[in-house]
Amino acid sequence: MKYIKENKNIIAISIFILFIAYMPFMNNFLLWGHDIGFHLGRIEGLAISLSNGDFMGRINPVNGYGYASGIMYPQLFIYIPAVLRLFGFSLMDTYKLFVFLINAATFVIAYISFKNMFRVDEKYICMLAGAFYVLGL
């Protein structure tokens with residue numbers, strides 16, 4: 001609690017930066033990329049595998065046939081949206097929440113990395129560098 005009290009400005013600005021990074025996803029549709037269908041299928045396939053008791057999910061059962069995406073692509077982080085899918089979230093909402101979590105983790109890791117890399121005690125400089133990194137696209 002003491003850490004939050006001492007760093008309330010940093011936390012507030014960080015939340016605002018993450019809000020800005022998430023703004024393209026604040027709608028009722030997905031921005032369609034060239035491979036988003038494939039990755040949505042990976043999430044759905046792993047969720048189906050988990051619901052069937054197969055915790056490794058090597059063969060993706062989506063689209064009526066088996067595709068070995070679990071063998072060719074790592075699945076570790078796909079478990080997060082797949083578990084959310086099992087809790088009843090829609091596929092679109094799981095993807096959007098997953099993107100938000102990725103952006104939040106990227107910002108925190110960038111903040112810590114810049115703080116350790118430059119050995120700077122000024123928190124605002126590290127936060128600004130993390131913001132540039134997350135919002136760089």
# chains A, B, ... in the order shown; residues from 1 in each chain; ligands from 1

$ closest_atom_pairs --of "region 1-56 of chain A" --to "region 67-73 of chain A" --cutoff "12 Å" --atoms "only C-alpha atoms" --output "tab-separated table"
residue	atom	partner	partner_atom	distance
A:Phe38	CA	A:Ser69	CA	9.3
A:His39	CA	A:Ser69	CA	9.6
A:Leu40	CA	A:Ser69	CA	11.9
A:Gly41	CA	A:Ser69	CA	9.6
A:Arg42	CA	A:Ser69	CA	7.2
A:Ile43	CA	A:Gly70	CA	10.6
A:Glu44	CA	A:Ser69	CA	11.9
A:Gly45	CA	A:Ser69	CA	9.4
A:Leu46	CA	A:Gly70	CA	8.5
A:Ser49	CA	A:Gly70	CA	10.8
A:Asp54	CA	A:Gly70	CA	11.9
A:Phe55	CA	A:Gly70	CA	11.1
A:Met56	CA	A:Gly70	CA	7.9

$ residues_around --residues "region 125-131 of chain A" --least-positions-apart "5" --cutoff "12 Å" --atoms "only C-alpha atoms" --output "PyMOL selection string"
chain A and resi 7+9-21+103-120+136-137

$ atom_distance --atom1 "CA of Leu30 (chain A)" --atom2 "CA of Leu84 (chain A)"
17.4 Å

$ select_by_dssp --residues "chain A" --states "alpha helix (DSSP H)" --output "ChimeraX atom specification"
/A:2-6,8-22,36-51,69-72,79-86,91-118,123-134

$ atom_distance --atom1 "CA of Gly66 (chain A)" --atom2 "CA of Ile102 (chain A)"
28.0 Å

$ atom_distance --atom1 "CA of Tyr79 (chain A)" --atom2 "CA of Ala47 (chain A)"
7.9 Å

$ closest_residue --among "A:Leu97, A:Phe132, A:Phe77, A:Lys123" --to "Tyr22 (chain A)" --atoms "only C-alpha atoms"
A:Leu97

$ decode --residues "chain A" --atoms "C-alpha atoms" --output "PDB file, in the first residue's frame"
ATOM      1  CA  MET A   1       0.000   0.000   0.000  1.00  0.00           C
ATOM      2  CA  LYS A   2       2.909   2.322   0.738  1.00  0.00           C
ATOM      3  CA  TYR A   3       4.307   1.708  -2.773  1.00  0.00           C
ATOM      4  CA  ILE A   4       0.990   2.666  -4.351  1.00  0.00           C
ATOM      5  CA  LYS A   5       0.771   5.833  -2.280  1.00  0.00           C
ATOM      6  CA  GLU A   6       4.313   6.891  -3.194  1.00  0.00           C
ATOM      7  CA  ASN A   7       3.871   6.142  -6.896  1.00  0.00           C
ATOM      8  CA  LYS A   8       0.259   7.128  -7.533  1.00  0.00           C
ATOM      9  CA  ASN A   9       1.232   9.578 -10.299  1.00  0.00           C
ATOM     10  CA  ILE A  10       3.313   6.967 -12.101  1.00  0.00           C
ATOM     11  CA  ILE A  11       0.503   4.415 -11.816  1.00  0.00           C
ATOM     12  CA  ALA A  12      -2.108   6.900 -13.072  1.00  0.00           C
ATOM     13  CA  ILE A  13       0.009   7.939 -16.062  1.00  0.00           C
ATOM     14  CA  SER A  14       0.799   4.284 -16.818  1.00  0.00           C
ATOM     15  CA  ILE A  15      -2.898   3.415 -16.846  1.00  0.00           C
ATOM     16  CA  PHE A  16      -3.509   6.353 -19.198  1.00  0.00           C
ATOM     17  CA  ILE A  17      -0.733   5.137 -21.539  1.00  0.00           C
ATOM     18  CA  LEU A  18      -2.227   1.626 -21.568  1.00  0.00           C
ATOM     19  CA  PHE A  19      -5.635   3.168 -22.273  1.00  0.00           C
ATOM     20  CA  ILE A  20      -4.191   4.945 -25.308  1.00  0.00           C
ATOM     21  CA  ALA A  21      -2.503   1.731 -26.484  1.00  0.00           C
ATOM     22  CA  TYR A  22      -5.817  -0.140 -26.188  1.00  0.00           C
ATOM     23  CA  MET A  23      -7.983   2.461 -27.959  1.00  0.00           C
ATOM     24  CA  PRO A  24      -7.995   0.684 -31.369  1.00  0.00           C
ATOM     25  CA  PHE A  25      -9.679  -2.288 -29.669  1.00  0.00           C
ATOM     26  CA  MET A  26     -12.501  -0.292 -28.050  1.00  0.00           C
ATOM     27  CA  ASN A  27     -15.175  -1.236 -30.549  1.00  0.00           C
ATOM     28  CA  ASN A  28     -17.530  -4.097 -31.309  1.00  0.00           C
ATOM     29  CA  PHE A  29     -15.392  -5.674 -34.040  1.00  0.00           C
ATOM     30  CA  LEU A  30     -11.862  -6.922 -34.570  1.00  0.00           C
ATOM     31  CA  LEU A  31      -9.309  -5.242 -36.746  1.00  0.00           C
ATOM     32  CA  TRP A  32      -8.690  -7.886 -39.392  1.00  0.00           C
ATOM     33  CA  GLY A  33      -5.100  -8.780 -40.223  1.00  0.00           C
ATOM     34  CA  HIS A  34      -3.741 -11.330 -42.634  1.00  0.00           C
ATOM     35  CA  ASP A  35      -3.381 -14.058 -40.006  1.00  0.00           C
ATOM     36  CA  ILE A  36      -5.835 -13.164 -37.250  1.00  0.00           C
ATOM     37  CA  GLY A  37      -8.218 -15.927 -38.335  1.00  0.00           C
ATOM     38  CA  PHE A  38      -5.462 -18.472 -37.849  1.00  0.00           C
ATOM     39  CA  HIS A  39      -4.642 -17.219 -34.356  1.00  0.00           C
ATOM     40  CA  LEU A  40      -8.297 -17.012 -33.354  1.00  0.00           C
ATOM     41  CA  GLY A  41      -8.564 -20.614 -34.521  1.00  0.00           C
ATOM     42  CA  ARG A  42      -5.591 -21.517 -32.334  1.00  0.00           C
ATOM     43  CA  ILE A  43      -7.317 -19.992 -29.292  1.00  0.00           C
ATOM     44  CA  GLU A  44     -10.608 -21.712 -30.062  1.00  0.00           C
ATOM     45  CA  GLY A  45      -8.911 -25.032 -30.802  1.00  0.00           C
ATOM     46  CA  LEU A  46      -6.955 -24.990 -27.549  1.00  0.00           C
ATOM     47  CA  ALA A  47     -10.132 -24.078 -25.632  1.00  0.00           C
ATOM     48  CA  ILE A  48     -11.916 -27.059 -27.226  1.00  0.00           C
ATOM     49  CA  SER A  49      -8.967 -29.319 -26.402  1.00  0.00           C
ATOM     50  CA  LEU A  50      -8.955 -28.124 -22.790  1.00  0.00           C
ATOM     51  CA  SER A  51     -12.697 -28.683 -22.476  1.00  0.00           C
ATOM     52  CA  ASN A  52     -12.177 -32.246 -23.740  1.00  0.00           C
ATOM     53  CA  GLY A  53      -9.473 -32.884 -21.132  1.00  0.00           C
ATOM     54  CA  ASP A  54      -6.520 -32.698 -23.522  1.00  0.00           C
ATOM     55  CA  PHE A  55      -4.168 -30.263 -21.795  1.00  0.00           C
ATOM     56  CA  MET A  56      -1.459 -30.283 -24.458  1.00  0.00           C
ATOM     57  CA  GLY A  57      -3.752 -29.610 -27.419  1.00  0.00           C
ATOM     58  CA  ARG A  58      -1.368 -30.581 -30.215  1.00  0.00           C
ATOM     59  CA  ILE A  59      -4.034 -31.090 -32.870  1.00  0.00           C
ATOM     60  CA  ASN A  60      -6.369 -28.149 -33.462  1.00  0.00           C
ATOM     61  CA  PRO A  61      -9.932 -29.469 -34.047  1.00  0.00           C
ATOM     62  CA  VAL A  62     -11.376 -26.199 -35.444  1.00  0.00           C
ATOM     63  CA  ASN A  63     -12.800 -26.068 -39.001  1.00  0.00           C
ATOM     64  CA  GLY A  64     -13.763 -29.731 -39.051  1.00  0.00           C
ATOM     65  CA  TYR A  65     -10.292 -31.120 -39.544  1.00  0.00           C
ATOM     66  CA  GLY A  66      -7.153 -31.480 -37.473  1.00  0.00           C
ATOM     67  CA  TYR A  67      -4.291 -29.047 -37.914  1.00  0.00           C
ATOM     68  CA  ALA A  68      -1.069 -29.559 -35.976  1.00  0.00           C
ATOM     69  CA  SER A  69      -0.596 -25.923 -34.988  1.00  0.00           C
ATOM     70  CA  GLY A  70       0.317 -26.986 -31.449  1.00  0.00           C
ATOM     71  CA  ILE A  71       3.375 -28.756 -32.814  1.00  0.00           C
ATOM     72  CA  MET A  72       4.565 -25.978 -35.114  1.00  0.00           C
ATOM     73  CA  TYR A  73       3.793 -22.946 -32.926  1.00  0.00           C
ATOM     74  CA  PRO A  74       4.378 -22.515 -29.189  1.00  0.00           C
ATOM     75  CA  GLN A  75       1.158 -22.570 -27.183  1.00  0.00           C
ATOM     76  CA  LEU A  76       2.263 -21.361 -23.727  1.00  0.00           C
ATOM     77  CA  PHE A  77       0.705 -17.899 -23.859  1.00  0.00           C
ATOM     78  CA  ILE A  78      -2.327 -19.060 -25.864  1.00  0.00           C
ATOM     79  CA  TYR A  79      -3.506 -20.842 -22.706  1.00  0.00           C
ATOM     80  CA  ILE A  80      -4.492 -17.473 -21.194  1.00  0.00           C
ATOM     81  CA  PRO A  81      -7.198 -16.632 -23.771  1.00  0.00           C
ATOM     82  CA  ALA A  82      -8.174 -20.305 -24.056  1.00  0.00           C
ATOM     83  CA  VAL A  83      -8.942 -20.456 -20.331  1.00  0.00           C
ATOM     84  CA  LEU A  84     -10.862 -17.182 -20.598  1.00  0.00           C
ATOM     85  CA  ARG A  85     -12.809 -18.788 -23.436  1.00  0.00           C
ATOM     86  CA  LEU A  86     -13.670 -21.701 -21.141  1.00  0.00           C
ATOM     87  CA  PHE A  87     -15.023 -19.213 -18.585  1.00  0.00           C
ATOM     88  CA  GLY A  88     -17.584 -18.054 -21.135  1.00  0.00           C
ATOM     89  CA  PHE A  89     -15.967 -15.017 -22.735  1.00  0.00           C
ATOM     90  CA  SER A  90     -16.586 -14.581 -26.446  1.00  0.00           C
ATOM     91  CA  LEU A  91     -13.695 -15.239 -28.786  1.00  0.00           C
ATOM     92  CA  MET A  92     -13.474 -11.549 -29.643  1.00  0.00           C
ATOM     93  CA  ASP A  93     -13.410 -10.493 -25.982  1.00  0.00           C
ATOM     94  CA  THR A  94     -10.746 -13.065 -25.111  1.00  0.00           C
ATOM     95  CA  TYR A  95      -8.554 -11.823 -27.942  1.00  0.00           C
ATOM     96  CA  LYS A  96      -9.004  -8.185 -26.924  1.00  0.00           C
ATOM     97  CA  LEU A  97      -8.270  -8.918 -23.270  1.00  0.00           C
ATOM     98  CA  PHE A  98      -5.233 -10.953 -24.296  1.00  0.00           C
ATOM     99  CA  VAL A  99      -3.919  -8.031 -26.369  1.00  0.00           C
ATOM    100  CA  PHE A 100      -4.435  -5.709 -23.406  1.00  0.00           C
ATOM    101  CA  LEU A 101      -2.513  -8.071 -21.114  1.00  0.00           C
ATOM    102  CA  ILE A 102       0.305  -8.284 -23.657  1.00  0.00           C
ATOM    103  CA  ASN A 103       0.491  -4.486 -23.875  1.00  0.00           C
ATOM    104  CA  ALA A 104       0.454  -4.157 -20.078  1.00  0.00           C
ATOM    105  CA  ALA A 105       3.197  -6.760 -19.668  1.00  0.00           C
ATOM    106  CA  THR A 106       5.239  -5.109 -22.431  1.00  0.00           C
ATOM    107  CA  PHE A 107       4.950  -1.725 -20.728  1.00  0.00           C
ATOM    108  CA  VAL A 108       5.986  -3.089 -17.314  1.00  0.00           C
ATOM    109  CA  ILE A 109       8.901  -5.050 -18.781  1.00  0.00           C
ATOM    110  CA  ALA A 110      10.028  -2.017 -20.813  1.00  0.00           C
ATOM    111  CA  TYR A 111       9.833   0.211 -17.724  1.00  0.00           C
ATOM    112  CA  ILE A 112      11.934  -2.208 -15.656  1.00  0.00           C
ATOM    113  CA  SER A 113      14.370  -2.785 -18.515  1.00  0.00           C
ATOM    114  CA  PHE A 114      14.962   0.914 -19.128  1.00  0.00           C
ATOM    115  CA  LYS A 115      15.345   1.497 -15.405  1.00  0.00           C
ATOM    116  CA  ASN A 116      18.009  -1.220 -15.138  1.00  0.00           C
ATOM    117  CA  MET A 117      19.668  -0.503 -18.468  1.00  0.00           C
ATOM    118  CA  PHE A 118      20.241   3.201 -17.883  1.00  0.00           C
ATOM    119  CA  ARG A 119      20.537   2.949 -14.101  1.00  0.00           C
ATOM    120  CA  VAL A 120      18.254   5.942 -13.735  1.00  0.00           C
ATOM    121  CA  ASP A 121      16.319   6.633 -10.557  1.00  0.00           C
ATOM    122  CA  GLU A 122      14.028   9.106 -12.313  1.00  0.00           C
ATOM    123  CA  LYS A 123      10.814   7.124 -12.738  1.00  0.00           C
ATOM    124  CA  TYR A 124       9.257   9.505 -15.241  1.00  0.00           C
ATOM    125  CA  ILE A 125      12.092   9.022 -17.748  1.00  0.00           C
ATOM    126  CA  CYS A 126      11.711   5.249 -17.565  1.00  0.00           C
ATOM    127  CA  MET A 127       7.946   5.558 -17.900  1.00  0.00           C
ATOM    128  CA  LEU A 128       8.322   7.826 -20.933  1.00  0.00           C
ATOM    129  CA  ALA A 129      10.731   5.365 -22.564  1.00  0.00           C
ATOM    130  CA  GLY A 130       8.285   2.534 -21.845  1.00  0.00           C
ATOM    131  CA  ALA A 131       5.477   4.604 -23.333  1.00  0.00           C
ATOM    132  CA  PHE A 132       7.474   5.214 -26.505  1.00  0.00           C
ATOM    133  CA  TYR A 133       8.160   1.493 -26.711  1.00  0.00           C
ATOM    134  CA  VAL A 134       4.526   0.440 -26.272  1.00  0.00           C
ATOM    135  CA  LEU A 135       3.047   3.189 -28.427  1.00  0.00           C
ATOM    136  CA  GLY A 136       5.792   2.990 -31.074  1.00  0.00           C
ATOM    137  CA  LEU A 137       3.570   1.339 -33.652  1.00  0.00           C
TER     138      LEU A 137
END
